[in-house]
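With CSV, C-alpha atoms and all ligand atoms inside, this is entry_6.csv:
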```
chain,number,residue,atom,x,y,z
A,1,MET,CA,-36.8,25.5,6.2
A,2,LYS,CA,-37.3,29.0,7.5
A,3,THR,CA,-40.3,30.2,9.3
A,4,ASN,CA,-41.1,33.8,8.4
A,5,THR,CA,-44.0,34.7,10.8
A,6,LEU,CA,-45.8,37.9,10.6
A,7,SER,CA,-45.2,38.2,14.3
A,8,ARG,CA,-47.4,39.5,17.1
A,9,ARG,CA,-44.5,41.9,17.6
A,10,GLN,CA,-44.7,43.2,14.0
A,11,TRP,CA,-48.4,43.3,14.4
A,12,LEU,CA,-48.3,45.3,17.6
A,13,LYS,CA,-45.9,47.7,16.0
A,14,THR,CA,-48.2,48.0,12.9
A,15,SER,CA,-51.3,48.5,14.9
A,16,THR,CA,-49.8,50.9,17.5
A,17,LEU,CA,-48.4,53.0,14.7
A,18,ALA,CA,-51.7,52.8,12.9
A,19,SER,CA,-53.8,53.8,15.9
A,20,GLY,CA,-51.6,56.8,16.7
A,21,THR,CA,-51.8,58.0,13.1
A,22,VAL,CA,-55.6,57.3,12.9
A,23,ALA,CA,-56.2,59.7,15.8
A,24,LEU,CA,-54.3,62.4,13.8
A,25,LEU,CA,-55.9,61.8,10.4
A,26,GLY,CA,-59.5,61.2,11.2
A,27,SER,CA,-61.9,58.5,10.3
A,28,ASN,CA,-61.9,58.6,6.5
A,29,LEU,CA,-58.4,57.3,6.3
A,30,SER,CA,-58.6,55.1,9.4
A,31,SER,CA,-59.8,52.0,7.7
A,32,LEU,CA,-56.9,52.1,5.2
A,33,ILE,CA,-54.3,52.9,7.7
A,34,ALA,CA,-55.4,50.4,10.4
A,35,ALA,CA,-55.2,47.5,7.9
A,36,PRO,CA,-51.9,45.8,8.5
A,37,ASN,CA,-49.4,45.3,5.7
A,38,HIS,CA,-50.1,42.1,3.9
A,39,ALA,CA,-47.0,42.1,1.8
A,40,ASN,CA,-45.6,39.2,3.9
A,41,TYR,CA,-48.4,36.9,2.9
A,42,GLY,CA,-46.7,36.0,-0.3
A,43,SER,CA,-43.7,34.6,1.5
A,44,LYS,CA,-42.9,31.0,2.1
A,45,THR,CA,-43.8,30.2,5.7
A,46,PHE,CA,-45.7,32.0,8.3
A,47,THR,CA,-48.8,32.2,10.5
A,48,MET,CA,-51.2,35.0,11.0
A,49,PRO,CA,-52.1,36.3,14.5
A,50,GLU,CA,-55.6,35.6,15.6
A,51,ASP,CA,-56.2,39.3,16.3
A,52,GLU,CA,-55.6,40.1,12.7
A,53,LEU,CA,-57.7,37.2,11.5
A,54,LEU,CA,-60.7,38.3,13.6
A,55,ARG,CA,-60.6,41.8,12.2
A,56,ASN,CA,-62.5,40.5,9.2
A,57,ALA,CA,-65.0,38.5,11.4
A,58,PRO,CA,-68.7,38.9,10.7
A,59,PRO,CA,-70.6,40.4,13.7
A,60,ILE,CA,-71.7,36.9,14.8
A,61,LEU,CA,-69.4,34.0,14.4
A,62,LYS,CA,-71.1,30.6,14.0
A,63,ALA,CA,-68.0,28.8,15.2
A,64,ARG,CA,-64.9,30.3,16.8
A,65,LEU,CA,-62.3,27.6,16.1
A,66,SER,CA,-59.2,29.7,16.1
A,67,SER,CA,-58.0,29.9,19.8
A,68,ASN,CA,-58.0,26.4,21.2
A,69,GLU,CA,-60.5,27.3,23.9
A,70,ASN,CA,-62.7,24.8,25.6
A,71,PRO,CA,-66.3,25.6,24.8
A,72,PHE,CA,-67.6,23.1,27.4
A,73,GLY,CA,-66.3,25.1,30.3
A,74,PRO,CA,-66.0,26.5,32.8
A,75,SER,CA,-67.7,23.9,35.0
A,76,ALA,CA,-70.8,24.6,37.0
A,77,LYS,CA,-68.8,24.3,40.2
A,78,ALA,CA,-66.3,26.8,39.0
A,79,LYS,CA,-69.1,29.3,38.2
A,80,LYS,CA,-70.6,28.8,41.6
A,81,ALA,CA,-67.3,29.4,43.3
A,82,LEU,CA,-66.7,32.5,41.1
A,83,GLU,CA,-70.0,34.0,42.4
A,84,GLU,CA,-69.3,33.0,46.0
A,85,ALA,CA,-66.0,35.0,46.0
A,86,ILE,CA,-67.7,38.2,44.9
A,87,ASP,CA,-68.7,39.4,48.3
A,88,GLY,CA,-65.2,39.2,49.7
A,89,SER,CA,-63.7,40.7,46.6
A,90,PHE,CA,-63.0,44.1,48.2
A,91,ARG,CA,-60.0,42.4,49.7
A,92,TYR,CA,-56.8,41.7,47.8
A,93,PRO,CA,-56.7,38.1,46.6
A,94,ARG,CA,-53.7,36.9,48.6
A,95,ALA,CA,-55.4,34.2,50.6
A,96,TYR,CA,-57.2,32.7,47.6
A,97,VAL,CA,-54.0,32.7,45.5
A,98,ARG,CA,-52.0,31.1,48.4
A,99,ASP,CA,-54.6,28.4,49.0
A,100,LEU,CA,-54.7,27.4,45.3
A,101,ALA,CA,-50.9,27.4,45.0
A,102,GLU,CA,-50.7,25.2,48.1
A,103,LYS,CA,-53.4,22.9,46.8
A,104,ILE,CA,-51.5,22.4,43.5
A,105,ALA,CA,-48.2,22.0,45.2
A,106,SER,CA,-49.6,19.3,47.5
A,107,TYR,CA,-51.2,17.4,44.6
A,108,GLU,CA,-48.0,17.5,42.6
A,109,GLY,CA,-45.8,16.7,45.6
A,110,ILE,CA,-43.7,19.9,45.4
A,111,SER,CA,-42.9,22.7,47.8
A,112,ALA,CA,-44.6,26.0,47.9
A,113,ALA,CA,-41.3,27.6,46.8
A,114,GLN,CA,-41.4,25.6,43.6
A,115,ILE,CA,-44.7,27.1,42.3
A,116,VAL,CA,-45.9,30.5,41.3
A,117,LEU,CA,-49.4,31.3,39.9
A,118,SER,CA,-50.1,33.8,37.2
A,119,ALA,CA,-53.1,35.2,35.2
A,120,GLY,CA,-52.8,32.5,32.5
A,121,SER,CA,-49.5,30.9,31.5
A,122,GLY,CA,-48.9,33.8,29.0
A,123,PRO,CA,-47.3,36.0,31.7
A,124,VAL,CA,-45.0,33.1,32.7
A,125,LEU,CA,-43.9,32.8,29.1
A,126,SER,CA,-43.4,36.6,28.8
A,127,ALA,CA,-41.3,36.6,32.0
A,128,ALA,CA,-39.1,33.9,30.6
A,129,ALA,CA,-38.8,35.7,27.3
A,130,CYS,CA,-37.7,38.8,29.2
A,131,TYR,CA,-35.4,37.2,31.6
A,132,PHE,CA,-33.6,34.9,29.1
A,133,GLY,CA,-33.9,37.4,26.3
A,134,LEU,CA,-32.1,40.1,28.2
A,135,THR,CA,-29.1,37.8,28.5
A,136,GLY,CA,-28.6,38.2,24.8
A,137,GLY,CA,-28.0,34.5,24.3
A,138,SER,CA,-29.8,32.2,22.0
A,139,ILE,CA,-33.0,30.2,22.5
A,140,ILE,CA,-33.7,26.9,20.8
A,141,SER,CA,-37.2,25.8,19.8
A,142,ALA,CA,-38.9,23.5,17.4
A,143,ASP,CA,-40.3,25.0,14.2
A,144,PRO,CA,-43.2,25.4,13.9
A,145,THR,CA,-44.2,25.7,17.6
A,146,TYR,CA,-45.8,28.1,20.0
A,147,ASP,CA,-43.4,31.0,19.5
A,148,ASN,CA,-44.1,33.5,22.3
A,149,ILE,CA,-40.9,33.0,24.2
A,150,PRO,CA,-38.3,32.9,21.3
A,151,GLU,CA,-40.1,35.5,19.2
A,152,ASP,CA,-40.5,38.0,22.1
A,153,ALA,CA,-36.9,37.3,23.3
A,154,GLU,CA,-35.6,37.9,19.8
A,155,GLY,CA,-37.9,40.8,18.9
A,156,PHE,CA,-37.9,42.8,22.2
A,157,TYR,CA,-34.5,41.9,23.5
A,158,GLN,CA,-31.2,40.9,22.0
A,159,SER,CA,-31.7,37.2,21.9
A,160,LYS,CA,-31.2,34.9,18.9
A,161,TRP,CA,-33.9,32.4,17.9
A,162,VAL,CA,-32.6,29.0,16.8
A,163,LYS,CA,-35.3,27.1,15.0
A,164,ILE,CA,-35.1,23.4,14.6
A,165,PRO,CA,-37.5,21.8,12.0
A,166,LEU,CA,-39.9,19.1,13.3
A,167,THR,CA,-39.2,15.4,12.4
A,168,PRO,CA,-41.2,13.9,9.5
A,169,ASP,CA,-43.9,12.9,12.0
A,170,TYR,CA,-44.3,16.5,13.1
A,171,LYS,CA,-42.7,16.1,16.5
A,172,HIS,CA,-39.8,18.0,18.1
A,173,ASP,CA,-36.5,16.8,16.8
A,174,LEU,CA,-34.9,16.4,20.3
A,175,ASP,CA,-31.6,15.0,18.9
A,176,ALA,CA,-31.2,18.0,16.6
A,177,MET,CA,-32.2,20.4,19.3
A,178,GLU,CA,-29.6,18.9,21.7
A,179,LYS,CA,-26.9,19.1,19.0
A,180,ALA,CA,-27.8,22.8,18.4
A,181,ILE,CA,-26.9,23.7,22.0
A,182,ASP,CA,-23.7,25.8,22.1
A,183,ASN,CA,-22.1,28.2,24.5
A,184,THR,CA,-24.5,31.0,23.4
A,185,THR,CA,-27.6,28.9,24.3
A,186,VAL,CA,-29.5,30.2,27.3
A,187,LEU,CA,-32.8,28.3,27.0
A,188,VAL,CA,-34.4,25.4,25.2
A,189,TYR,CA,-38.1,25.7,24.8
A,190,VAL,CA,-40.3,22.6,24.3
A,191,CYS,CA,-44.0,22.7,23.7
A,192,ASN,CA,-45.5,19.3,24.6
A,193,PRO,CA,-48.0,18.6,23.2
A,194,ASN,CA,-46.9,20.9,20.4
A,195,ASN,CA,-49.0,23.8,19.1
A,196,PRO,CA,-49.9,23.9,16.2
A,197,THR,CA,-49.2,20.2,15.3
A,198,GLY,CA,-51.0,18.6,18.2
A,199,THR,CA,-48.3,15.9,18.5
A,200,VAL,CA,-46.9,14.6,21.8
A,201,LEU,CA,-43.4,13.4,22.5
A,202,ASP,CA,-42.5,10.0,24.0
A,203,SER,CA,-42.3,10.8,27.7
A,204,GLU,CA,-39.3,8.7,28.4
A,205,LYS,CA,-37.3,10.2,25.6
A,206,LEU,CA,-38.3,13.7,26.7
A,207,LYS,CA,-37.4,13.0,30.3
A,208,ALA,CA,-34.0,11.6,29.3
A,209,PHE,CA,-33.4,14.6,27.1
A,210,CYS,CA,-34.2,16.9,30.0
A,211,GLU,CA,-32.0,15.0,32.4
A,212,ARG,CA,-29.0,15.5,30.0
A,213,VAL,CA,-29.8,19.0,28.6
A,214,SER,CA,-30.8,20.7,31.9
A,215,LYS,CA,-27.3,20.1,33.2
A,216,ARG,CA,-26.1,22.5,30.4
A,217,VAL,CA,-29.1,24.9,30.0
A,218,PRO,CA,-32.6,25.3,31.4
A,219,VAL,CA,-35.4,23.6,29.6
A,220,PHE,CA,-38.8,25.3,29.5
A,221,VAL,CA,-41.6,22.9,28.9
A,222,ASP,CA,-44.9,24.4,28.0
A,223,GLU,CA,-47.6,21.9,29.0
A,224,ALA,CA,-50.7,24.1,28.0
A,225,TYR,CA,-52.4,21.1,26.4
A,226,ILE,CA,-51.2,18.3,28.6
A,227,ASP,CA,-54.6,17.8,30.2
A,228,TYR,CA,-55.8,16.4,26.8
A,229,THR,CA,-53.2,13.7,26.6
A,230,ASP,CA,-54.0,10.1,27.5
A,231,ASN,CA,-52.0,10.2,30.7
A,232,PRO,CA,-51.0,13.7,31.9
A,233,ASN,CA,-49.4,12.4,35.1
A,234,ALA,CA,-47.0,10.3,33.1
A,235,THR,CA,-46.4,12.9,30.4
A,236,THR,CA,-45.7,15.9,32.6
A,237,LEU,CA,-42.1,16.9,33.3
A,238,ILE,CA,-42.9,18.1,36.9
A,239,ASP,CA,-41.1,14.9,37.9
A,240,CYS,CA,-37.9,16.4,36.5
A,241,VAL,CA,-38.3,19.5,38.7
A,242,LYS,CA,-38.9,17.2,41.7
A,243,LYS,CA,-35.6,15.5,40.9
A,244,GLY,CA,-33.9,18.8,41.1
A,245,GLN,CA,-33.3,19.4,37.4
A,246,ASN,CA,-33.3,22.8,35.9
A,247,VAL,CA,-36.6,22.4,34.1
A,248,ILE,CA,-39.4,25.0,34.1
A,249,VAL,CA,-42.9,23.7,33.5
A,250,ALA,CA,-45.8,26.1,32.5
A,251,ARG,CA,-49.4,25.1,32.9
A,252,THR,CA,-52.6,26.8,32.2
A,253,PHE,CA,-56.3,26.6,33.1
A,254,SER,CA,-57.2,28.2,29.8
A,255,LYS,CA,-57.6,24.9,27.9
A,256,LEU,CA,-59.3,21.9,29.4
A,257,TYR,CA,-60.5,23.9,32.5
A,258,GLY,CA,-62.2,26.4,30.2
A,259,PHE,CA,-60.7,29.4,31.9
A,260,ALA,CA,-59.3,31.3,28.9
A,261,GLY,CA,-61.3,34.4,29.8
A,262,LEU,CA,-60.9,34.0,33.6
A,263,ARG,CA,-57.1,33.8,33.4
A,264,MET,CA,-55.2,31.3,35.6
A,265,GLY,CA,-51.9,29.5,35.0
A,266,TYR,CA,-48.8,28.6,36.9
A,267,MET,CA,-45.1,27.8,36.7
A,268,ILE,CA,-43.3,25.0,38.5
A,269,ALA,CA,-39.5,25.3,38.7
A,270,GLN,CA,-36.6,25.3,41.0
A,271,PRO,CA,-37.0,28.0,43.7
A,272,ASP,CA,-33.9,29.9,42.5
A,273,VAL,CA,-35.3,30.0,39.0
A,274,ILE,CA,-38.7,31.2,40.3
A,275,ASP,CA,-36.8,34.0,42.2
A,276,LYS,CA,-35.1,35.0,39.0
A,277,LEU,CA,-38.3,35.2,36.9
A,278,ALA,CA,-40.4,36.7,39.7
A,279,PRO,CA,-39.4,40.3,39.0
A,280,TYR,CA,-40.8,39.9,35.5
A,281,LEU,CA,-44.1,38.4,36.7
A,282,LYS,CA,-47.0,40.5,37.8
A,283,GLY,CA,-47.4,38.6,41.0
A,284,ALA,CA,-50.5,37.4,43.0
A,285,ARG,CA,-52.3,40.8,42.7
A,286,SER,CA,-52.7,40.3,38.9
A,287,ILE,CA,-55.0,37.3,39.7
A,288,SER,CA,-58.6,38.1,40.8
A,289,ALA,CA,-60.0,36.6,44.0
A,290,THR,CA,-63.0,35.3,41.9
A,291,THR,CA,-60.8,33.5,39.4
A,292,ALA,CA,-58.6,32.0,42.1
A,293,ASN,CA,-61.6,30.7,44.0
A,294,ALA,CA,-63.2,29.4,40.8
A,295,ALA,CA,-59.9,27.7,39.8
A,296,MET,CA,-59.8,26.0,43.2
A,297,ALA,CA,-63.2,24.5,42.5
A,298,ALA,CA,-62.3,23.6,38.9
A,299,TYR,CA,-59.0,21.9,39.9
A,300,GLN,CA,-61.0,19.4,42.0
A,301,ASP,CA,-63.8,18.9,39.6
A,302,LYS,CA,-62.6,15.7,38.0
A,303,GLU,CA,-66.1,14.8,36.7
A,304,PHE,CA,-66.3,18.0,34.7
A,305,LEU,CA,-62.8,17.4,33.2
A,306,LYS,CA,-63.8,13.9,32.2
A,307,GLU,CA,-66.9,15.0,30.5
A,308,ALA,CA,-65.1,17.8,28.7
A,309,LEU,CA,-62.6,15.3,27.4
A,310,GLU,CA,-65.3,13.0,26.2
A,311,LYS,CA,-67.2,15.8,24.4
A,312,THR,CA,-63.9,17.0,22.9
A,313,GLU,CA,-63.2,13.5,21.7
A,314,GLU,CA,-66.6,13.2,20.1
A,315,SER,CA,-66.2,16.5,18.2
A,316,LYS,CA,-62.7,15.5,17.2
A,317,GLN,CA,-63.8,12.2,15.8
A,318,PHE,CA,-66.5,14.0,13.9
A,319,LEU,CA,-64.0,16.4,12.5
A,320,TYR,CA,-61.7,13.5,11.4
A,321,SER,CA,-64.7,11.9,9.6
A,322,ILE,CA,-65.5,15.2,7.8
A,323,LEU,CA,-61.8,15.5,6.6
A,324,LYS,CA,-61.7,11.8,5.5
A,325,LYS,CA,-64.9,12.2,3.6
A,326,ALA,CA,-63.5,15.2,1.8
A,327,GLY,CA,-60.3,13.3,1.0
A,328,TYR,CA,-58.0,15.3,3.3
A,329,ASP,CA,-55.2,14.1,5.5
A,330,TYR,CA,-54.7,15.3,9.1
A,331,ILE,CA,-52.1,15.0,11.8
A,332,PRO,CA,-53.6,12.8,14.6
A,333,SER,CA,-53.9,15.1,17.5
A,334,TYR,CA,-53.4,14.7,21.3
A,335,THR,CA,-55.0,18.1,21.9
A,336,ASN,CA,-58.1,20.1,21.4
A,337,PHE,CA,-57.1,21.2,17.9
A,338,VAL,CA,-56.2,19.5,14.6
A,339,LEU,CA,-53.8,20.6,11.9
A,340,PHE,CA,-54.3,19.4,8.3
A,341,PRO,CA,-52.8,20.3,4.9
A,342,ILE,CA,-55.1,22.4,2.7
A,343,LYS,CA,-55.3,22.6,-1.0
A,344,MET,CA,-55.3,26.4,-1.5
A,345,ASP,CA,-53.5,29.4,-0.1
A,346,GLY,CA,-54.0,29.6,3.7
A,347,LYS,CA,-55.0,33.2,3.8
A,348,ARG,CA,-57.7,32.6,1.1
A,349,PHE,CA,-58.9,29.5,2.9
A,350,THR,CA,-59.3,31.3,6.3
A,351,ASP,CA,-61.0,34.3,4.6
A,352,GLU,CA,-63.5,32.0,2.8
A,353,MET,CA,-64.2,30.2,6.1
A,354,MET,CA,-64.6,33.5,7.9
A,355,LYS,CA,-67.1,34.7,5.3
A,356,ARG,CA,-69.1,31.7,6.2
A,357,GLY,CA,-68.9,32.5,9.9
A,358,VAL,CA,-66.2,30.1,10.9
A,359,SER,CA,-62.8,31.2,12.3
A,360,VAL,CA,-59.8,28.9,11.9
A,361,ARG,CA,-56.1,29.7,11.7
A,362,PHE,CA,-53.5,28.9,9.0
A,363,TRP,CA,-49.8,28.0,8.9
A,364,LYS,CA,-47.4,27.8,6.1
A,365,PHE,CA,-44.5,25.4,6.6
A,366,ASN,CA,-42.8,22.4,4.8
A,367,ASP,CA,-43.9,24.1,1.5
A,368,LYS,CA,-47.6,23.5,2.3
A,369,ASP,CA,-50.5,25.5,3.6
A,370,TRP,CA,-52.2,24.1,6.7
A,371,CYS,CA,-55.4,24.8,8.6
A,372,ARG,CA,-55.5,24.5,12.4
A,373,VAL,CA,-59.0,24.0,13.6
A,374,SER,CA,-59.8,24.1,17.3
A,375,ILE,CA,-62.3,21.5,18.6
A,376,GLY,CA,-65.6,23.1,19.4
A,377,THR,CA,-69.1,21.9,20.3
A,378,MET,CA,-70.8,19.5,17.8
A,379,ASP,CA,-72.9,22.4,16.5
A,380,GLU,CA,-69.7,24.3,15.8
A,381,MET,CA,-68.1,21.4,14.1
A,382,LYS,CA,-71.3,21.1,11.9
A,383,SER,CA,-70.9,24.8,11.0
A,384,PHE,CA,-67.3,24.0,10.2
A,385,GLU,CA,-68.4,21.1,7.9
A,386,GLU,CA,-71.0,23.3,6.2
A,387,ALA,CA,-68.5,26.0,5.3
A,388,PHE,CA,-65.6,23.5,4.6
A,389,VAL,CA,-67.5,21.4,2.0
A,390,GLN,CA,-68.3,24.5,0.0
A,391,ILE,CA,-64.6,25.4,-0.4
A,392,ALA,CA,-62.7,22.2,0.0
A,401,LIG,N1,-48.8,28.0,25.6
A,401,LIG,C1,-49.4,27.5,24.5
A,401,LIG,C2,-48.8,26.3,23.8
A,401,LIG,C3,-50.6,28.1,24.0
A,401,LIG,O1,-51.2,27.6,23.0
A,401,LIG,C4,-51.1,29.2,24.7
A,401,LIG,C5,-52.4,29.9,24.3
A,401,LIG,N2,-53.1,29.5,23.2
A,401,LIG,C6,-50.5,29.6,25.9
A,401,LIG,C7,-49.3,29.0,26.3
A,401,LIG,C8,-50.9,30.8,26.7
A,401,LIG,O2,-52.2,30.7,27.1
A,401,LIG,P1,-52.8,31.3,28.4
A,401,LIG,O3,-52.0,32.6,28.6
A,401,LIG,O4,-54.2,31.5,28.1
A,401,LIG,O5,-52.5,30.4,29.5
```
Take the structure in this file and express it as structure tokens.
Ligand code: PMP
Amino acid sequence: MKTNTLSRRQWLKTSTLASGTVALLGSNLSSLIAAPNHANYGSKTFTMPEDELLRNAPPILKARLSSNENPFGPSAKAKKALEEAIDGSFRYPRAYVRDLAEKIASYEGISAAQIVLSAGSGPVLSAAACYFGLTGGSIISADPTYDNIPEDAEGFYQSKWVKIPLTPDYKHDLDAMEKAIDNTTVLVYVCNPNNPTGTVLDSEKLKAFCERVSKRVPVFVDEAYIDYTDNPNATTLIDCVKKGQNVIVARTFSKLYGFAGLRMGYMIAQPDVIDKLAPYLKGARSISATTANAAMAAYQDKEFLKEALEKTEESKQFLYSILKKAGYDYIPSYTNFVLFPIKMDGKRFTDEMMKRGVSVRFWKFNDKDWCRVSIGTMDEMKSFEEAFVQIA
């Protein structure tokens, strides 16, 4: 199986080229030129970037279910803290950022040298793509998975992306990933839970994998959705870092904490790895004082997290019932999104949903078209149902 994604990189190239040309040619041609090349859509397996999907969005979306955001956040306490930090915002955010890093470090039982904050986890992933990509070695990942690191490393630098198909139950094939390691491998990327399948790995198996593999190459574990799992403390691989293993854990506030627009994330790793990646990170000054103060409040707001999980579960169960009623299968999800096989071309499906005011994403893999729908409010899920039953 080969994944042929119309990558963000290709998309950036297309749109950058387009916008430059648009300025030269004037508005009549602009709509034609700015439209990306859809020739790839006939190919076997790919996904379409959300930016491109949303180009065709109606002015008002009834339900934005394409980015795995948490519509129940941010919490009231986070919003209050955000406001409270405004008066002091003429100062650089150093103290706020340091306090939050120390808070997380003390909760996780790690040293301050083992954590670095960033504006979302995206910059951490980009830093890893840059650092490991520049070595020119190969990066192993599952396929399909969240592809920022291997795709950027391959596209912008000289790295090779080794894609290992998922197991029949749509999980990372850890055995095959381990076997694929050779003397060119510089990084193994694991997304747990996996985006876009919503599956989670057996913690003991993943920990044993990391213990063995990290002696040979670093393992990057992206835990963006871990807060949605039944037991995040048992599922996280921060323990592996604590044991001294060469494991890099990325976390974000963008999902369960509802901070996708506020931007807060962090990386936990060995101090020497943090030192190596730091030059490629934007550092504390890329985080606003307001966001850091709000994140401090959100981090301690267990009541909000519990409620958001309950509401997510209610909407998810409702989605499952819609799919079952319509005779559709789905992959049981441990996250705030669900992937299910659709019965028509993915691009057509998402276009038809979009016409009805609902944004969802599609994937093509295993010779099937799939829809990934993020979990929204009950109202959004009802809008999903209304649109879905018309085209299902
Ligand atoms: N990792 C995964 C698996 C994701 O799905 C995302 C965003 N959807 C990110 C990282 C990056 O998110 P952010 O930069 O908002 O933390």
Please, what distance in Å, to one decimal, runs between atom CA of Ala269 of chain A and atom CA of Lys205 of chain A?
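That distance, rounded to one decimal, is 20.1 Å.
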Ligand LIG 401 (chain A): which residues are within 9 Å, counting only C-alpha atoms and all ligand atoms, as a ChimeraX atom specification?
/A:67-69,118-125,145-148,191-196,222-225,250-255,259-261,263-266
Residue neighbourhood segment 293-298 of chain A, 9 Å, only C-alpha atoms, exclusion window fewer than 2 positions, as a PyMOL selection string:
chain A and resi 74-85+96-97+99-100+103+253+257+259+262+264+288-291+300-302+304-305
Find the residues near Ser126 of chain A: any atom within 10 Å, counting all atoms listed in the file, skip ones fewer than 3 places away on the same chain, and give them as a ChimeraX atom specification.
/A:121-123,129-133,148-150,152-153,277,280-281
One decimal, in Å: what's the spacing between atom CA of Thr47 of chain A and atom CA of Arg361 of chain A?
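About the pair atom CA of Thr47 of chain A and atom CA of Arg361 of chain A: they are 7.8 Å apart.
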Quick one: residues within 7 Å of Ile140 of chain A, only C-alpha atoms counted, chain neighbours fewer than 3 positions away excluded, as a PDB file with C-alpha atoms, in the frame of the given file?
```
ATOM      1  CA  TRP A 161     -33.900  32.400  17.900  1.00  0.00           C
ATOM      2  CA  VAL A 162     -32.600  29.000  16.800  1.00  0.00           C
ATOM      3  CA  LYS A 163     -35.300  27.100  15.000  1.00  0.00           C
ATOM      4  CA  MET A 177     -32.200  20.400  19.300  1.00  0.00           C
ATOM      5  CA  LEU A 187     -32.800  28.300  27.000  1.00  0.00           C
ATOM      6  CA  VAL A 188     -34.400  25.400  25.200  1.00  0.00           C
ATOM      7  CA  TYR A 189     -38.100  25.700  24.800  1.00  0.00           C
TER       8      TYR A 189
END
```
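Interatomic distance, atom CA of Pro341 of chain A against atom CA of Gly198 of chain A: 13.5 Å.
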List as a tab-separated table every residue of segment 61-174 of chain A that is in contact with segment 384-392 of chain A, defined as an atom at most 9 Å from one of its atoms (using only C-alpha atoms), together with the nearest atom pair and the distance in Å rounded to one decimal, sorted by chain and then rising number.
```
residue	atom	partner	partner_atom	distance
A:Lys62	CA	A:Phe384	CA	8.5
A:Ala63	CA	A:Phe384	CA	7.0
A:Leu65	CA	A:Phe384	CA	8.5
```
Given the choices A:Asp182, A:Phe337, A:Val116, A:Ser159, which gets closest to Ile248 of chain A if the distance is worked out from only C-alpha atoms?
A:Val116
Ref. answer, residues at most 12 Å from (-30.6, 26.2, 28.7) with all atoms listed in the file, as a ChimeraX atom specification
/A:128,132-133,135,137-141,177-178,180-190,210-221,245-248,273
Could you name the residues that touch Ser333 of chain A at 8 Å or less, counting all atoms listed in the file, but leaving out those on the same chain fewer than 3 positions away, as a ChimeraX atom specification?
/A:197-199,336-339
Residue neighbourhood Ala308 of chain A, 9 Å, all atoms listed in the file, exclusion window fewer than 4 positions, as a list in words
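So the residues in contact are Asn70, Pro71, Phe72, Gly73, Leu256, Tyr257, Glu303, Phe304, Thr312 and Glu313 of chain A.
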Find the residue from A:Arg94, A:Lys364, A:Lys343, A:Lys382 that sits nearest to Asp329 of chain A; use all atoms listed in the file when measuring.
A:Lys343
Selected segment 331-346 of chain A, written as a PDB file, in the first residue's frame, C-alpha atoms:
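Written output follows (part19.pdb):
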```pdb
ATOM      1  CA  ILE A 331     -13.456   2.241  13.697  1.00  0.00           C
ATOM      2  CA  PRO A 332     -14.145   2.490  17.458  1.00  0.00           C
ATOM      3  CA  SER A 333     -12.347   5.632  18.548  1.00  0.00           C
ATOM      4  CA  TYR A 334     -10.321   6.578  21.638  1.00  0.00           C
ATOM      5  CA  THR A 335     -10.225  10.203  20.531  1.00  0.00           C
ATOM      6  CA  ASN A 336     -12.476  13.113  19.595  1.00  0.00           C
ATOM      7  CA  PHE A 337     -12.852  11.948  15.986  1.00  0.00           C
ATOM      8  CA  VAL A 338     -14.153   8.870  14.208  1.00  0.00           C
ATOM      9  CA  LEU A 339     -13.024   7.329  10.921  1.00  0.00           C
ATOM     10  CA  PHE A 340     -15.488   5.326   8.876  1.00  0.00           C
ATOM     11  CA  PRO A 341     -15.531   3.855   5.367  1.00  0.00           C
ATOM     12  CA  ILE A 342     -17.782   5.688   2.922  1.00  0.00           C
ATOM     13  CA  LYS A 343     -19.571   4.398  -0.117  1.00  0.00           C
ATOM     14  CA  MET A 344     -18.541   7.049  -2.631  1.00  0.00           C
ATOM     15  CA  ASP A 345     -15.504   9.012  -3.689  1.00  0.00           C
ATOM     16  CA  GLY A 346     -14.118  10.903  -0.684  1.00  0.00           C
TER      17      GLY A 346
END
```
